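The data block below is work-v9.cif; it holds mmCIF, C-alpha atoms.
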data_entry
loop_
_atom_site.label_atom_id
_atom_site.label_comp_id
_atom_site.auth_asym_id
_atom_site.auth_seq_id
_atom_site.Cartn_x
_atom_site.Cartn_y
_atom_site.Cartn_z
CA MET F 483 32.90 25.21 4.48
CA ARG F 484 33.37 21.55 3.44
CA ILE F 485 30.57 20.77 1.00
CA ALA F 486 29.79 17.61 -0.98
CA ILE F 487 27.83 17.79 -4.21
CA ALA F 488 26.32 14.88 -6.12
CA SER F 489 23.81 14.48 -8.95
CA ASP F 490 22.55 12.20 -11.67
CA HIS F 491 23.23 12.60 -15.39
CA ALA F 492 20.45 15.18 -15.78
CA ALA F 493 22.18 17.64 -13.47
CA ILE F 494 25.84 17.36 -14.52
CA ALA F 495 26.00 20.90 -15.90
CA LEU F 496 24.39 22.49 -12.84
CA LYS F 497 26.68 20.46 -10.59
CA ALA F 498 29.76 21.74 -12.42
CA GLU F 499 28.53 25.34 -12.30
CA LEU F 500 27.68 25.23 -8.59
CA ALA F 501 30.95 23.49 -7.71
CA GLU F 502 33.03 26.10 -9.54
CA TRP F 503 31.04 28.95 -8.00
CA LEU F 504 31.40 27.54 -4.48
CA ARG F 505 35.14 26.99 -4.95
CA SER F 506 35.53 30.58 -6.16
CA GLN F 507 34.09 31.60 -2.79
CA GLY F 508 36.71 29.58 -0.94
CA HIS F 509 34.60 26.55 -0.06
CA ASP F 510 36.14 23.08 -0.06
CA VAL F 511 33.92 21.22 -2.55
CA ASN F 512 33.92 17.45 -2.88
CA ASP F 513 32.28 16.48 -6.19
CA LEU F 514 30.98 12.93 -5.67
CA GLY F 515 30.01 12.52 -9.31
CA PRO F 516 28.99 11.43 -11.74
CA ALA F 517 31.76 12.76 -13.99
CA THR F 518 30.11 12.11 -17.35
CA GLU F 519 26.63 12.35 -18.87
CA ASP F 520 26.21 8.56 -19.02
CA ARG F 521 22.91 7.50 -17.47
CA VAL F 522 23.14 6.67 -13.78
CA ASP F 523 20.63 6.00 -11.01
CA TYR F 524 20.01 8.94 -8.66
CA PRO F 525 19.70 6.73 -5.53
CA ASP F 526 23.34 5.64 -5.85
CA PHE F 527 24.54 9.24 -5.77
CA GLY F 528 22.05 10.28 -3.10
CA TYR F 529 23.32 7.53 -0.79
CA LYS F 530 26.94 8.53 -1.49
CA LEU F 531 26.13 12.11 -0.53
CA ALA F 532 24.31 11.01 2.61
CA ASP F 533 27.30 8.94 3.70
CA ALA F 534 29.67 11.87 3.13
CA VAL F 535 27.58 14.16 5.36
CA ALA F 536 26.77 11.52 7.99
CA SER F 537 30.43 10.51 8.34
CA GLY F 538 31.45 14.11 9.02
CA ALA F 539 33.69 14.19 5.94
CA VAL F 540 31.71 17.27 4.88
CA GLU F 541 29.46 19.68 6.76
CA ARG F 542 26.78 20.11 4.10
CA GLY F 543 25.47 18.32 1.04
CA ILE F 544 23.96 19.50 -2.23
CA ALA F 545 21.95 16.89 -4.16
CA LEU F 546 20.82 17.43 -7.75
CA CYS F 547 18.73 15.52 -10.25
CA GLY F 548 16.25 16.43 -12.97
CA SER F 549 13.41 17.37 -10.63
CA GLY F 550 15.32 17.08 -7.34
CA ILE F 551 12.62 14.70 -6.10
CA GLY F 552 14.27 11.32 -6.52
CA ILE F 553 17.60 12.29 -5.02
CA SER F 554 15.92 14.12 -2.10
CA ILE F 555 14.07 10.90 -1.20
CA ALA F 556 17.33 8.90 -1.40
CA VAL F 557 19.24 11.33 0.83
CA ASN F 558 16.46 11.34 3.42
CA ARG F 559 16.63 7.54 3.73
CA HIS F 560 19.60 8.20 6.02
CA PRO F 561 18.40 9.02 9.56
CA ALA F 562 21.25 11.50 10.05
CA LEU F 563 20.36 13.51 6.98
CA ARG F 564 17.78 16.26 6.76
CA CYS F 565 17.48 17.16 3.09
CA ALA F 566 15.10 19.87 1.86
CA LEU F 567 13.98 19.92 -1.76
CA VAL F 568 13.84 23.62 -2.62
CA SER F 569 13.25 25.86 -5.63
CA GLU F 570 13.56 29.31 -4.02
CA PRO F 571 15.71 30.79 -1.23
CA LEU F 572 12.97 31.29 1.38
CA SER F 573 12.53 27.53 1.63
CA ALA F 574 16.30 27.04 1.70
CA ALA F 575 16.55 29.47 4.64
CA LEU F 576 13.58 27.89 6.47
CA ALA F 577 15.17 24.47 6.01
CA ARG F 578 18.13 25.68 8.06
CA GLU F 579 16.21 27.82 10.56
CA HIS F 580 13.47 25.30 11.41
CA ASN F 581 14.83 21.91 10.32
CA ASN F 582 18.60 22.28 10.75
CA ALA F 583 18.90 20.83 7.25
CA ASN F 584 22.33 19.44 6.41
CA ALA F 585 21.51 18.93 2.73
CA ILE F 586 19.41 20.54 0.03
CA ALA F 587 18.12 19.09 -3.20
CA LEU F 588 17.50 21.07 -6.38
CA GLY F 589 15.93 20.12 -9.71
CA ALA F 590 18.23 21.05 -12.59
CA ARG F 591 15.41 20.85 -15.15
CA LEU F 592 13.09 23.03 -13.06
CA THR F 593 15.30 25.56 -11.30
CA GLY F 594 17.71 27.80 -13.20
CA ALA F 595 21.35 28.19 -12.24
CA ASP F 596 21.03 31.66 -10.72
CA MET F 597 18.02 30.64 -8.63
CA ALA F 598 19.91 27.51 -7.57
CA LYS F 599 22.81 29.71 -6.42
CA ALA F 600 20.42 31.90 -4.42
CA CYS F 601 19.07 28.74 -2.75
CA VAL F 602 22.56 27.44 -1.94
CA GLU F 603 23.55 30.85 -0.57
CA ALA F 604 20.54 30.92 1.78
CA PHE F 605 21.23 27.32 2.78
CA LEU F 606 24.89 28.00 3.64
CA ASN F 607 24.32 31.32 5.39
CA THR F 608 21.31 30.68 7.61
CA GLU F 609 21.72 29.42 11.16
CA PHE F 610 19.50 26.85 12.87
CA GLY F 611 16.99 28.59 15.14
CA GLY F 612 17.09 25.97 17.90
CA GLY F 613 14.51 26.42 20.68
CA ARG F 614 11.16 24.80 19.93
CA HIS F 615 12.65 23.31 16.74
CA GLU F 616 15.24 21.20 18.64
CA GLY F 617 12.88 18.47 19.80
CA ARG F 618 11.26 18.14 16.40
CA VAL F 619 14.60 17.83 14.65
CA ALA F 620 15.70 15.23 17.21
CA LYS F 621 12.60 13.17 16.43
CA LEU F 622 13.72 12.96 12.79
CA SER F 623 16.63 10.75 13.79
CA SER F 624 15.41 9.14 16.99
CA PRO F 625 15.33 5.36 16.71
CA SER F 626 12.87 5.34 19.63
CA LEU F 627 10.25 6.49 17.16
CA THR F 628 10.59 3.36 15.12
CA SER F 629 7.09 2.01 15.31
CA ASP F 630 7.55 -1.24 13.45
CA LYS F 631 9.67 -3.75 11.58
CA GLY F 632 13.06 -2.53 12.70
CA GLN F 633 13.11 0.23 10.11
CA ALA F 634 15.35 3.13 10.92
CA ARG F 635 13.53 6.36 11.47
CA MET X 544 -9.11 6.68 -4.02
CA ARG X 545 -8.23 6.05 -0.36
CA ILE X 546 -6.12 9.01 0.76
CA ALA X 547 -4.61 9.85 4.15
CA ILE X 548 -3.85 13.43 5.08
CA ALA X 549 -1.79 14.64 8.04
CA SER X 550 -0.20 17.92 9.11
CA ASP X 551 1.16 19.89 12.00
CA HIS X 552 -0.59 22.85 13.67
CA ALA X 553 0.63 25.29 10.99
CA ALA X 554 -1.33 23.50 8.28
CA ILE X 555 -4.64 22.69 9.98
CA ALA X 556 -6.66 25.03 7.78
CA LEU X 557 -5.15 23.76 4.52
CA LYS X 558 -5.66 20.18 5.70
CA ALA X 559 -9.37 20.83 6.34
CA GLU X 560 -9.82 22.54 2.97
CA LEU X 561 -8.05 19.78 1.02
CA ALA X 562 -9.91 17.02 2.90
CA GLU X 563 -13.30 18.59 2.18
CA TRP X 564 -12.40 19.18 -1.48
CA LEU X 565 -11.18 15.60 -1.93
CA ARG X 566 -14.32 14.19 -0.27
CA SER X 567 -16.49 16.30 -2.55
CA GLN X 568 -14.81 14.48 -5.45
CA GLY X 569 -15.72 11.11 -3.98
CA HIS X 570 -12.36 10.20 -2.46
CA ASP X 571 -12.20 8.31 0.83
CA VAL X 572 -10.15 10.67 3.02
CA ASN X 573 -8.61 9.59 6.31
CA ASP X 574 -7.64 12.71 8.31
CA LEU X 575 -4.86 11.57 10.66
CA GLY X 576 -4.80 14.86 12.53
CA PRO X 577 -4.09 16.92 14.37
CA ALA X 578 -7.63 18.06 15.10
CA THR X 579 -6.80 21.34 16.86
CA GLU X 580 -4.30 24.18 16.48
CA ASP X 581 -2.37 23.14 19.60
CA ARG X 582 1.34 22.89 18.85
CA VAL X 583 2.47 19.44 17.77
CA ASP X 584 5.65 17.97 16.30
CA TYR X 585 5.55 17.34 12.56
CA PRO X 586 7.59 14.09 12.77
CA ASP X 587 4.82 12.40 14.79
CA PHE X 588 2.27 13.10 12.08
CA GLY X 589 4.68 12.33 9.25
CA TYR X 590 5.37 8.89 10.74
CA LYS X 591 1.64 8.28 11.19
CA LEU X 592 1.04 9.10 7.53
CA ALA X 593 3.93 6.87 6.42
CA ASP X 594 2.51 3.96 8.40
CA ALA X 595 -0.95 4.44 6.86
CA VAL X 596 0.46 4.31 3.32
CA ALA X 597 3.00 1.54 3.99
CA SER X 598 0.35 -0.68 5.61
CA GLY X 599 -1.90 -0.42 2.58
CA ALA X 600 -4.67 1.22 4.61
CA VAL X 601 -4.58 4.04 2.06
CA GLU X 602 -3.19 4.30 -1.45
CA ARG X 603 -1.75 7.82 -1.21
CA GLY X 604 -0.66 10.28 1.46
CA ILE X 605 -0.72 14.06 1.67
CA ALA X 606 1.63 15.60 4.26
CA LEU X 607 1.43 19.25 5.29
CA CYS X 608 3.41 21.54 7.56
CA GLY X 609 4.45 25.20 7.49
CA SER X 610 7.11 24.81 4.79
CA GLY X 611 6.45 21.16 3.94
CA ILE X 612 10.14 20.44 4.58
CA GLY X 613 10.04 18.89 8.04
CA ILE X 614 7.14 16.54 7.36
CA SER X 615 8.58 15.51 3.97
CA ILE X 616 11.79 14.41 5.70
CA ALA X 617 9.80 12.47 8.31
CA VAL X 618 7.68 10.65 5.71
CA ASN X 619 10.76 9.69 3.68
CA ARG X 620 12.32 8.01 6.73
CA HIS X 621 10.08 5.07 5.84
CA PRO X 622 11.71 2.95 3.10
CA ALA X 623 8.30 2.18 1.56
CA LEU X 624 7.39 5.85 1.16
CA ARG X 625 8.38 8.12 -1.69
CA CYS X 626 7.29 11.61 -0.71
CA ALA X 627 7.85 14.61 -2.98
CA LEU X 628 7.85 18.13 -1.54
CA VAL X 629 6.15 20.21 -4.21
CA SER X 630 4.90 23.75 -4.75
CA GLU X 631 3.59 23.52 -8.32
CA PRO X 632 1.82 20.81 -10.36
CA LEU X 633 4.66 20.00 -12.78
CA SER X 634 6.73 18.64 -9.90
CA ALA X 635 3.70 16.78 -8.55
CA ALA X 636 3.22 15.10 -11.93
CA LEU X 637 6.95 14.29 -12.31
CA ALA X 638 6.91 12.77 -8.82
CA ARG X 639 4.36 10.24 -10.06
CA GLU X 640 5.78 9.75 -13.56
CA HIS X 641 9.44 9.31 -12.61
CA ASN X 642 9.45 8.43 -8.91
CA ASN X 643 6.14 6.58 -8.43
CA ALA X 644 5.59 8.84 -5.42
CA ASN X 645 2.99 7.58 -2.95
CA ALA X 646 2.94 10.81 -0.94
CA ILE X 647 3.35 14.52 -1.51
CA ALA X 648 4.25 17.24 0.96
CA LEU X 649 3.09 20.85 0.73
CA GLY X 650 3.99 23.94 2.74
CA ALA X 651 0.85 25.68 3.98
CA ARG X 652 2.70 28.95 4.67
CA LEU X 653 4.31 28.99 1.22
CA THR X 654 1.78 27.47 -1.17
CA GLY X 655 -1.76 28.82 -1.47
CA ALA X 656 -4.83 26.60 -1.30
CA ASP X 657 -5.63 26.70 -5.02
CA MET X 658 -2.04 25.90 -5.99
CA ALA X 659 -2.05 23.09 -3.41
CA LYS X 660 -5.21 21.68 -5.04
CA ALA X 661 -3.56 21.82 -8.47
CA CYS X 662 -0.60 19.90 -7.03
CA VAL X 663 -2.85 17.27 -5.43
CA GLU X 664 -4.79 16.91 -8.67
CA ALA X 665 -1.61 16.28 -10.67
CA PHE X 666 -0.40 13.87 -7.99
CA LEU X 667 -3.62 11.83 -8.03
CA ASN X 668 -4.10 11.81 -11.79
CA THR X 669 -0.63 11.02 -13.15
CA GLU X 670 0.50 7.45 -13.74
CA PHE X 671 3.96 6.07 -13.05
CA GLY X 672 5.98 5.89 -16.26
CA GLY X 673 7.74 2.62 -15.42
CA GLY X 674 10.50 1.57 -17.82
CA ARG X 675 13.90 3.05 -16.98
CA HIS X 676 12.42 4.52 -13.79
CA GLU X 677 11.59 1.10 -12.30
CA GLY X 678 15.11 0.17 -11.24
CA ARG X 679 15.75 3.58 -9.70
CA VAL X 680 12.54 3.48 -7.70
CA ALA X 681 13.38 -0.05 -6.52
CA LYS X 682 16.73 1.21 -5.25
CA LEU X 683 14.90 3.67 -2.99
CA SER X 684 13.60 0.81 -0.89
CA SER X 685 16.18 -1.90 -1.44
CA PRO X 686 17.81 -2.98 1.81
CA SER X 687 20.70 -4.35 -0.27
CA LEU X 688 21.81 -0.78 -0.71
CA THR X 689 22.42 -0.37 2.99
CA SER X 690 26.08 0.53 2.98
CA ASP X 691 26.67 0.74 6.71
CA LYS X 692 25.49 0.57 10.28
CA GLY X 693 22.29 -1.37 9.67
CA GLN X 694 20.38 1.71 8.62
CA ALA X 695 17.36 1.07 6.50
CA ARG X 696 17.67 2.23 2.94
#
What is this file in structure tokens?
Amino acid sequence: MRIAIASDHAAIALKAELAEWLRSQGHDVNDLGPATEDRVDYPDFGYKLADAVASGAVERGIALCGSGIGISIAVNRHPALRCALVSEPLSAALAREHNNANAIALGARLTGADMAKACVEAFLNTEFGGGRHEGRVAKLSSPSLTSDKGQAR
Amino acid sequence: MRIAIASDHAAIALKAELAEWLRSQGHDVNDLGPATEDRVDYPDFGYKLADAVASGAVERGIALCGSGIGISIAVNRHPALRCALVSEPLSAALAREHNNANAIALGARLTGADMAKACVEAFLNTEFGGGRHEGRVAKLSSPSLTSDKGQAR
């Protein structure tokens, strides 16, 4: 699968470990950075990841920061992205089954590497359930739901 | 504090319990629904909650659904909202300290009522740390970061 991964400086080590692990499984991993531990702003890398998924360049995105919170908010600013912040694999599987998530966020300072791998595995290997979930997922990107001020939602 | 709370049908019971508990502490709680267990779509209630916070009608929002994932995505569609999906109080506190979160999401089928209360307590009682976090938080709502297609970010 074509997968993009992005983080902030707090999650560089987890990003490297996940990227190597995914490549060893045959996935095509696009590491969007950062490449060093210099301080960066998580929104910049969240937006980069969102663009990679939304453009179709990759099928799925993995977003990492210290807690996972900041970058998950950034990714979800994009109406085409459905990013679930998770810390255990049940949520990662539900994100696919119910929400057709195309990205997950993990907190490198809160979730250990093996648990992160279990989350990514569930995220990559669970199919969207469709059915009653379809209409709800559609509403997450429907501009007709914009209630005010021309904001995209 | 003025607090809005909204959910889908899966989280009606947790919504009622949290609303009563918050009122017993003197908070002004606006329950945005739903009022019954009839099936609803979480995006509708997530958008309602986002509007209540963005308009200034309330200071904070609490968003609930089965996993918390769907409604957290919906709330974060609004550029003025910073909603953290949490399952334990450390994340709820970090969401305030680092991300100046104005909403949290909880999964009623995954997080028990007492743990949810501990999360809400941390969310309501932790101050934003400011400093280096200011610029990052600003980037979460800056339209100048819109990189394409007129999408709000």
For Glu560 in chain X, which of X:Asn642, X:Asp574, X:Thr669, X:Gly589 is the closest residue, counting only C-alpha atoms?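 Closest candidate: X:Asp574.
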Please find the residues of chain F near chain X - the criterion being any atom within 10 Å, counting only C-alpha atoms - and write them as an NGL selection string. :F and (522-526 or 528-530 or 533 or 548-569 or 572-574 or 576-577 or 580-583 or 589 or 592 or 614-615 or 617-623 or 627-630 or 632-635)
Write out the coordinates of chain F as a short mmCIF file (atom, residue, chain, number, x, y, z; two decimals) with C-alpha atoms, in the coordinates of the input after a least-squares overlay onto chain X built on all ordered Cα pairs.
data_model
loop_
_atom_site.label_atom_id
_atom_site.label_comp_id
_atom_site.auth_asym_id
_atom_site.auth_seq_id
_atom_site.Cartn_x
_atom_site.Cartn_y
_atom_site.Cartn_z
CA MET F 483 -9.11 6.68 -4.01
CA ARG F 484 -8.22 6.04 -0.34
CA ILE F 485 -6.11 8.99 0.77
CA ALA F 486 -4.59 9.85 4.16
CA ILE F 487 -3.83 13.43 5.08
CA ALA F 488 -1.77 14.63 8.04
CA SER F 489 -0.18 17.92 9.10
CA ASP F 490 1.18 19.91 12.00
CA HIS F 491 -0.56 22.84 13.68
CA ALA F 492 0.62 25.28 11.00
CA ALA F 493 -1.32 23.49 8.28
CA ILE F 494 -4.64 22.69 9.99
CA ALA F 495 -6.66 25.02 7.78
CA LEU F 496 -5.15 23.74 4.53
CA LYS F 497 -5.66 20.17 5.71
CA ALA F 498 -9.36 20.82 6.36
CA GLU F 499 -9.81 22.53 2.99
CA LEU F 500 -8.06 19.78 1.03
CA ALA F 501 -9.90 17.02 2.90
CA GLU F 502 -13.30 18.57 2.19
CA TRP F 503 -12.40 19.16 -1.46
CA LEU F 504 -11.18 15.59 -1.93
CA ARG F 505 -14.30 14.17 -0.25
CA SER F 506 -16.50 16.29 -2.53
CA GLN F 507 -14.81 14.47 -5.42
CA GLY F 508 -15.71 11.09 -3.96
CA HIS F 509 -12.35 10.19 -2.44
CA ASP F 510 -12.19 8.29 0.84
CA VAL F 511 -10.13 10.65 3.03
CA ASN F 512 -8.59 9.59 6.32
CA ASP F 513 -7.63 12.69 8.32
CA LEU F 514 -4.84 11.56 10.66
CA GLY F 515 -4.78 14.85 12.54
CA PRO F 516 -4.07 16.92 14.37
CA ALA F 517 -7.63 18.07 15.11
CA THR F 518 -6.81 21.33 16.87
CA GLU F 519 -4.31 24.18 16.50
CA ASP F 520 -2.35 23.13 19.60
CA ARG F 521 1.36 22.89 18.85
CA VAL F 522 2.49 19.44 17.78
CA ASP F 523 5.68 17.98 16.31
CA TYR F 524 5.57 17.34 12.55
CA PRO F 525 7.61 14.09 12.76
CA ASP F 526 4.85 12.40 14.78
CA PHE F 527 2.29 13.10 12.07
CA GLY F 528 4.69 12.33 9.24
CA TYR F 529 5.39 8.89 10.72
CA LYS F 530 1.65 8.27 11.19
CA LEU F 531 1.06 9.09 7.53
CA ALA F 532 3.93 6.88 6.42
CA ASP F 533 2.53 3.95 8.39
CA ALA F 534 -0.93 4.45 6.86
CA VAL F 535 0.47 4.31 3.31
CA ALA F 536 3.00 1.54 4.00
CA SER F 537 0.37 -0.69 5.63
CA GLY F 538 -1.88 -0.41 2.57
CA ALA F 539 -4.66 1.21 4.62
CA VAL F 540 -4.56 4.04 2.06
CA GLU F 541 -3.16 4.30 -1.46
CA ARG F 542 -1.73 7.82 -1.21
CA GLY F 543 -0.64 10.28 1.44
CA ILE F 544 -0.70 14.06 1.67
CA ALA F 545 1.65 15.60 4.25
CA LEU F 546 1.45 19.26 5.28
CA CYS F 547 3.42 21.55 7.54
CA GLY F 548 4.45 25.20 7.47
CA SER F 549 7.11 24.82 4.79
CA GLY F 550 6.45 21.16 3.91
CA ILE F 551 10.14 20.45 4.56
CA GLY F 552 10.06 18.88 8.01
CA ILE F 553 7.16 16.55 7.34
CA SER F 554 8.59 15.50 3.95
CA ILE F 555 11.81 14.41 5.68
CA ALA F 556 9.81 12.46 8.30
CA VAL F 557 7.70 10.65 5.69
CA ASN F 558 10.77 9.70 3.68
CA ARG F 559 12.35 8.02 6.72
CA HIS F 560 10.10 5.08 5.83
CA PRO F 561 11.72 2.95 3.09
CA ALA F 562 8.32 2.20 1.54
CA LEU F 563 7.41 5.84 1.15
CA ARG F 564 8.39 8.11 -1.70
CA CYS F 565 7.30 11.61 -0.72
CA ALA F 566 7.86 14.62 -2.99
CA LEU F 567 7.86 18.12 -1.54
CA VAL F 568 6.16 20.21 -4.23
CA SER F 569 4.91 23.76 -4.76
CA GLU F 570 3.58 23.52 -8.33
CA PRO F 571 1.82 20.80 -10.36
CA LEU F 572 4.65 19.99 -12.79
CA SER F 573 6.72 18.64 -9.91
CA ALA F 574 3.70 16.78 -8.54
CA ALA F 575 3.21 15.10 -11.94
CA LEU F 576 6.93 14.30 -12.31
CA ALA F 577 6.91 12.78 -8.83
CA ARG F 578 4.38 10.24 -10.06
CA GLU F 579 5.77 9.75 -13.58
CA HIS F 580 9.44 9.33 -12.63
CA ASN F 581 9.44 8.44 -8.92
CA ASN F 582 6.14 6.59 -8.44
CA ALA F 583 5.59 8.85 -5.44
CA ASN F 584 3.00 7.58 -2.97
CA ALA F 585 2.96 10.80 -0.95
CA ILE F 586 3.37 14.52 -1.51
CA ALA F 587 4.26 17.24 0.95
CA LEU F 588 3.11 20.85 0.71
CA GLY F 589 3.99 23.95 2.72
CA ALA F 590 0.85 25.68 3.97
CA ARG F 591 2.70 28.94 4.66
CA LEU F 592 4.31 28.98 1.21
CA THR F 593 1.78 27.47 -1.18
CA GLY F 594 -1.77 28.81 -1.46
CA ALA F 595 -4.83 26.58 -1.30
CA ASP F 596 -5.65 26.69 -5.01
CA MET F 597 -2.06 25.89 -5.99
CA ALA F 598 -2.06 23.09 -3.41
CA LYS F 599 -5.21 21.67 -5.04
CA ALA F 600 -3.57 21.82 -8.47
CA CYS F 601 -0.60 19.89 -7.03
CA VAL F 602 -2.84 17.25 -5.43
CA GLU F 603 -4.80 16.90 -8.67
CA ALA F 604 -1.62 16.27 -10.68
CA PHE F 605 -0.40 13.86 -8.00
CA LEU F 606 -3.62 11.82 -8.03
CA ASN F 607 -4.10 11.79 -11.79
CA THR F 608 -0.64 11.02 -13.15
CA GLU F 609 0.48 7.45 -13.74
CA PHE F 610 3.95 6.07 -13.04
CA GLY F 611 5.97 5.89 -16.26
CA GLY F 612 7.74 2.62 -15.42
CA GLY F 613 10.50 1.59 -17.85
CA ARG F 614 13.89 3.08 -17.02
CA HIS F 615 12.41 4.55 -13.82
CA GLU F 616 11.58 1.11 -12.32
CA GLY F 617 15.10 0.19 -11.25
CA ARG F 618 15.75 3.59 -9.73
CA VAL F 619 12.54 3.50 -7.73
CA ALA F 620 13.38 -0.03 -6.54
CA LYS F 621 16.74 1.22 -5.27
CA LEU F 622 14.91 3.69 -3.01
CA SER F 623 13.61 0.82 -0.90
CA SER F 624 16.20 -1.88 -1.46
CA PRO F 625 17.82 -2.96 1.79
CA SER F 626 20.72 -4.33 -0.28
CA LEU F 627 21.84 -0.75 -0.71
CA THR F 628 22.36 -0.31 2.98
CA SER F 629 26.01 0.55 3.09
CA ASP F 630 26.53 0.74 6.82
CA LYS F 631 25.28 0.49 10.38
CA GLY F 632 22.13 -1.46 9.71
CA GLN F 633 20.21 1.64 8.71
CA ALA F 634 17.24 1.04 6.50
CA ARG F 635 17.57 2.52 3.07
#
Just so the selection is clear, what residues does the PyMOL selection byres ((chain X and resi 561-565) around 12) cover here, as a PyMOL selection string? chain X and resi 544-550+554-560+566-576+604-607+649+651+655-664+667
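The space between CA of Ala648 in chain X and CA of Arg578 in chain F spans 17.7 Å.
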For CA of Thr579 in chain X and CA of Gly599 in chain X, quote the distance in Å rounded to one decimal.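 Between these atoms lies a distance of 26.5 Å.
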As lines of an AutoDock Vina configuration file, please report the centre and edge lengths, rounded to one decimal in Å, of the axis-aligned box that holds all listed atoms of range 523-530 of chain F with 8 Å of padding on each of the six sides.
center_x = 23.3
center_y = 8.0
center_z = -5.9
size_x = 23.2
size_y = 20.6
size_z = 26.2
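Note that CA of Glu670 in chain X and CA of His491 in chain F are 23.4 Å apart.
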